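Visitor: Please see the structure below; I have some questions.
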Amino acid sequence: MPLESGSSAAARQAKQKRKSHSLSIRRTNSTEQDRSGLLRDTLEGQDSKLPVPLRTNLLDLFNQIEREFESLYIENLELRREIYTLNDRLAGEGQTVDGADLSKGALKTKASHSTSQLSQKLKTTYKASTSKIVSSFKATTSRAVCQLVREYVSHRDGIWDLSVTRTAPMVLGTASADHSAMLWSIETGKCLLKYTGHQGSVNSIKFHPTEHMALTASGDQTAHIWRYMVQLPTPQPVVDSSQQTPGEDEADISEEDDADGEVEGPNECPSVRIPAVTLRSHQGVVIAADWLVGGKQVVTASWDRAATLYDVETSELVQLLTGHDQELTHCCTHPTQRLVVTSSRDTTFRLWDFRDPSIHSVNVFQGHTDTVTSAVFTMGDNVVSGSDDRTVKVWDLKNMRSPIATIRTDSAVNRISVSVNQKIIALPHDNRQVRLFDMSGARLARLPLSSRQGHQRIVCCSAWCEDNSACNLFTCGFDRQAIGWNINIPALLQEK
C-alpha cells in the first residue's frame, strides 16, 4: 500500500510539472542532480516508446544546444552594438557603413546526432556571418564618395520637387506644400526669389531650356509660367555639417517652427506673385509639368487622370492625353526629342510620341505591380521607371517589351533622376534613404544618413547638376529642406 500511494503521488506530481512547463525544457537554478530528477519525473509521466535513459540523454543534449544558442546570441548582440557605434561615428565624418543585418543568415544550422558537431557548425556559420559584415564594412568605408555640402532651409512645409536651371546663372528651384516655390543660390544656400502666385501646394518645378522662365504645377488645378531675374551673392566658405552641435540640425526640422521663426531682414528674399502665363483646363490637382524640347510647348499631369499639352505663347490647349485609369503621378519629356512619358497609380506608364505632327502614337507599359511614382528619360534611348512596388526598371526605347535591368529595393521609390553624363540613377525612398545605381542595376553608393545629417523624413525627389569640375546631387523631402551633395565620381566608379 505505501508503494502504491507513493506511485500515485508521483503521477500527480508529474502531471502538475507537465502543465507548468508546457512540455518544454527550461533552464533552472537547481543542481544537475535536481535537473536530472526533474527530467526523469517528467519523462515518467509522458507516453513514449523510447526508453527513459535514452530520452534523458536527448533532453540533456537539447539543453546543451540551448546554451550554445544563448552564448552565440549574446555574442551576436555585442557585435551588432559595436557595428552601430562605429556606424554613427563614421556617419558624423561623412562616411557610412552599409552593414549587413546580423539577424539574417546568422545561426543557420542543421540537426546533428552529435552535440559537438552541431556546436561546431554553429560557430562556423557565425564566423562566416561576421566575416561578411567586416568585409562590407571595409569596402564601403574606404573613402567618402558622397559628401553633404549645403542645406537649403526656409520652406514652412514639405518640399515635393526640385530642379536646377539649364542656363546661367545656375540656381536651384524648390516646390513646396507651403504654396510657394523658391530659387536658391547653390553656392551659398541663400534664397534669391520666392514665387507665391499659387493658391495650393506647389507640386513640381521645371526651368525653360534657354530662357529665364520657370514652370510650376499646383494643387490649385493650374500650372503657371513665370519669369525670374536673380543675382548670385558672393560665395561663402562651406561649413562642415559634421561639426554642428546636435541641436542645430534638429532645430531646422522641428515641428514647432513657424513663421515667427523664419529669418527676417537682409536674408529675406524678394517675391513674385503674378505669373506670365496661367494654364487652366484640369479638374483636379496638377501633380507635375515639364517643357517639351524647344520650350514652345509644355505638358501637365493631373489627378483627373489626364495629361494636357499646351502652347506656351497662346496658353491654349493643344491636345488632351487620356487613357490612364487612375490619377497621374508624374510626367517627363525627352531632352532632345518630342516624346512624353506619363506615370499613374494604375501601375502603368505611357509613352506619347509627338515627333510626327500627323500621328500621335501612344504605348502602354505594364511593368510594375503598384503605383508608378515616376518615369524619366535619359539622354540616350532609355526610360527609367520607379514604383511603390519597391522596384526600379530600366527600359530600352527601341524594344520595351521587357526591362533590360531591374533594381529591387526595401522601400517605395519616389521621383527618381538620372545624371546626364555618367547616367547614374538616384533613388529617393520613403525610408529616408537615397541610393545610387548604374544603368545595369549595380548599386554604387548610399548617401550618408544619421541624426545629424541627411533627411529625417520621406525623401521626395532628387535632381542632378553636372559641369566639368563637379557632380552635385540635390534631394528634398518632408523635413522641409533641400540638401546639396557632392558626388566623387572617380571614387564612386572605383568602388564599383
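So you can find residues: chains in the C-alpha cells are A, B, ... in the order shown, residues in each start at 1, and ligands are numbered from 1 in order.
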Identify, with DSSP run on backbone atoms, the residues in stretch 190-401 of chain A assigned to helix (DSSP H, G or I), and express the list as a PyMOL selection string.

Guide: chain A and resi 241-243+246-252+259-261+265-267

Visitor: If you run DSSP over the backbone, which residues in stretch 256-362 of chain A end up strand (DSSP E or B)? Put them as a PyMOL selection string.

Guide: chain A and resi 271-272+277-280+286-291+297-302+307-311+317-321+328-333+339-344+349-356+359-362

Visitor: Calculate how many Å separate atom CA of A:Met400 from atom CA of A:Gln366, rounding to one decimal.

Guide: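 Separating atom CA of A:Met400 from atom CA of A:Gln366 is a distance of 10.3 Å.
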
Visitor: Which residues are near A:Ala217? Cut-off 9 Å, only C-alpha atoms, ignore same chain within fewer than 6 positions. Put them as a tab-separated table (two decimals) with N, CA and C atoms, in the first residue's frame.

Guide:
```tsv
chain	number	residue	atom	x	y	z
A	175	ALA	N	9.91	73.29	-54.96
A	175	ALA	CA	8.44	73.42	-54.96
A	175	ALA	C	7.92	72.81	-53.67
A	198	HIS	N	0.60	80.77	-56.51
A	198	HIS	CA	-0.34	79.65	-56.43
A	198	HIS	C	-1.18	79.72	-55.16
A	201	SER	N	-0.77	73.81	-52.89
A	201	SER	CA	0.57	73.22	-52.83
A	201	SER	C	1.25	73.27	-54.20
A	202	VAL	N	2.51	73.65	-54.22
A	202	VAL	CA	3.29	73.64	-55.46
A	202	VAL	C	3.97	72.27	-55.56
A	203	ASN	N	3.58	71.50	-56.57
A	203	ASN	CA	3.98	70.09	-56.64
A	203	ASN	C	5.19	69.80	-57.52
A	204	SER	N	5.50	70.72	-58.43
A	204	SER	CA	6.68	70.49	-59.27
A	204	SER	C	7.20	71.82	-59.80
A	205	ILE	N	8.47	71.82	-60.19
A	205	ILE	CA	9.09	73.00	-60.79
A	205	ILE	C	10.09	72.54	-61.84
A	223	ALA	N	-1.30	75.36	-63.76
A	223	ALA	CA	0.14	75.41	-63.93
A	223	ALA	C	0.50	76.84	-64.31
A	224	HIS	N	1.57	77.36	-63.75
A	224	HIS	CA	1.99	78.74	-64.00
A	224	HIS	C	3.36	78.77	-64.66
A	285	VAL	N	-6.01	68.15	-59.05
A	285	VAL	CA	-4.66	68.60	-58.72
A	285	VAL	C	-3.72	68.38	-59.90
A	286	VAL	N	-2.93	69.40	-60.24
A	286	VAL	CA	-1.88	69.25	-61.25
A	286	VAL	C	-0.62	68.83	-60.50
A	287	ILE	N	-0.23	67.59	-60.71
A	287	ILE	CA	0.83	67.00	-59.91
A	287	ILE	C	2.22	67.20	-60.50
A	288	ALA	N	2.31	67.45	-61.82
A	288	ALA	CA	3.62	67.63	-62.45
A	288	ALA	C	3.47	68.37	-63.77
A	289	ALA	N	4.56	68.96	-64.24
A	289	ALA	CA	4.57	69.67	-65.52
A	289	ALA	C	6.01	69.72	-66.02
A	300	THR	N	1.33	68.85	-68.86
A	300	THR	CA	0.96	68.78	-67.45
A	300	THR	C	0.29	67.44	-67.16
A	301	ALA	N	0.42	66.97	-65.93
A	301	ALA	CA	-0.21	65.72	-65.50
A	301	ALA	C	-1.06	66.00	-64.27
```

Visitor: Taking only C-alpha atoms into account, which of A:Arg227, A:Lys190, A:Lys49, A:Arg150 comes nearest A:Asn486?

Guide: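 Of all the options, A:Arg150 lies closest to A:Asn486.
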
Visitor: Taking only C-alpha atoms into account, name the residue in A:Thr409, A:Thr342, A:Gln147, A:Gln199 that is nearest to A:Ala181.

Guide: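 Of A:Thr409, A:Thr342, A:Gln147, A:Gln199, the one nearest A:Ala181 is A:Gln199, counting only C-alpha atoms.
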
Visitor: Compile the contact shell of stretch 316-318 of chain A as a list in words: residues with an atom at most 10 Å away, counting only C-alpha atoms, same-chain residues fewer than 2 positions apart removed.

Guide: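 What passes the distance filter is Thr278, Leu279, Arg280, Ser281, Gln297, Val298, Val299, Thr308, Leu309, Tyr310, Asp311, Val312, Glu313, Thr314, Leu320 and Leu321 of chain A.
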
Visitor: Determine, counting only C-alpha atoms, which protein, DNA and RNA residues have an atom within 7 Å of an atom of stretch 183-187 of chain A; residues of the same chain fewer than 3 positions away are not included. Present the result as a list in words.

Guide: Val171, Leu172, Gly173, Thr174, Lys190, Cys191, Leu192, Leu193, Lys194, Leu232 and Pro235 of chain A

Visitor: Do a neighbour search on A:Asn399 at 12 Å with only C-alpha atoms, toss out local chain neighbours closer than 2 positions, and write the hits as a list in words.

Guide: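 My reading of the contact set: Asn363, Phe365, Asp381, Asn382, Val383, Val394, Trp395, Asp396, Leu397, Arg401, Ser402, Pro403 and Ile404 of chain A.
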
Visitor: Determine the nearest neighbour of A:Pro448 from the options A:Ile74, A:Leu90, A:Leu215, A:Ala463, counting only C-alpha atoms.

Guide: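 Of the candidates, the smallest distance to A:Pro448 is held by A:Leu90.
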
Visitor: Would you list the contacts of A:Val372 as a PyMOL selection string, taking every protein, DNA or RNA residue within 8 Å and counting only C-alpha atoms, but skipping same-chain residues closer than 5 positions in sequence?

Guide: chain A and resi 329+343-349+385-388

Visitor: In Å, with one decimal, what is the gap from atom CA of A:Asp479 to atom CA of A:Arg432?

Guide: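 Rounded to one decimal, the two atoms are 10.0 Å apart.
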
Visitor: Pick out the closest residue to A:Asp389 from this set: A:Leu493, A:Ile407, A:Val434, A:Cys460. Count only C-alpha atoms.

Guide: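 Answer, going by the shortest atom-to-atom distance: A:Ile407.
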
Visitor: Suppose you want the space between atom CA of A:Ala168 and atom CA of A:Gly295; what is it in Å?

Guide: 16.5 Å
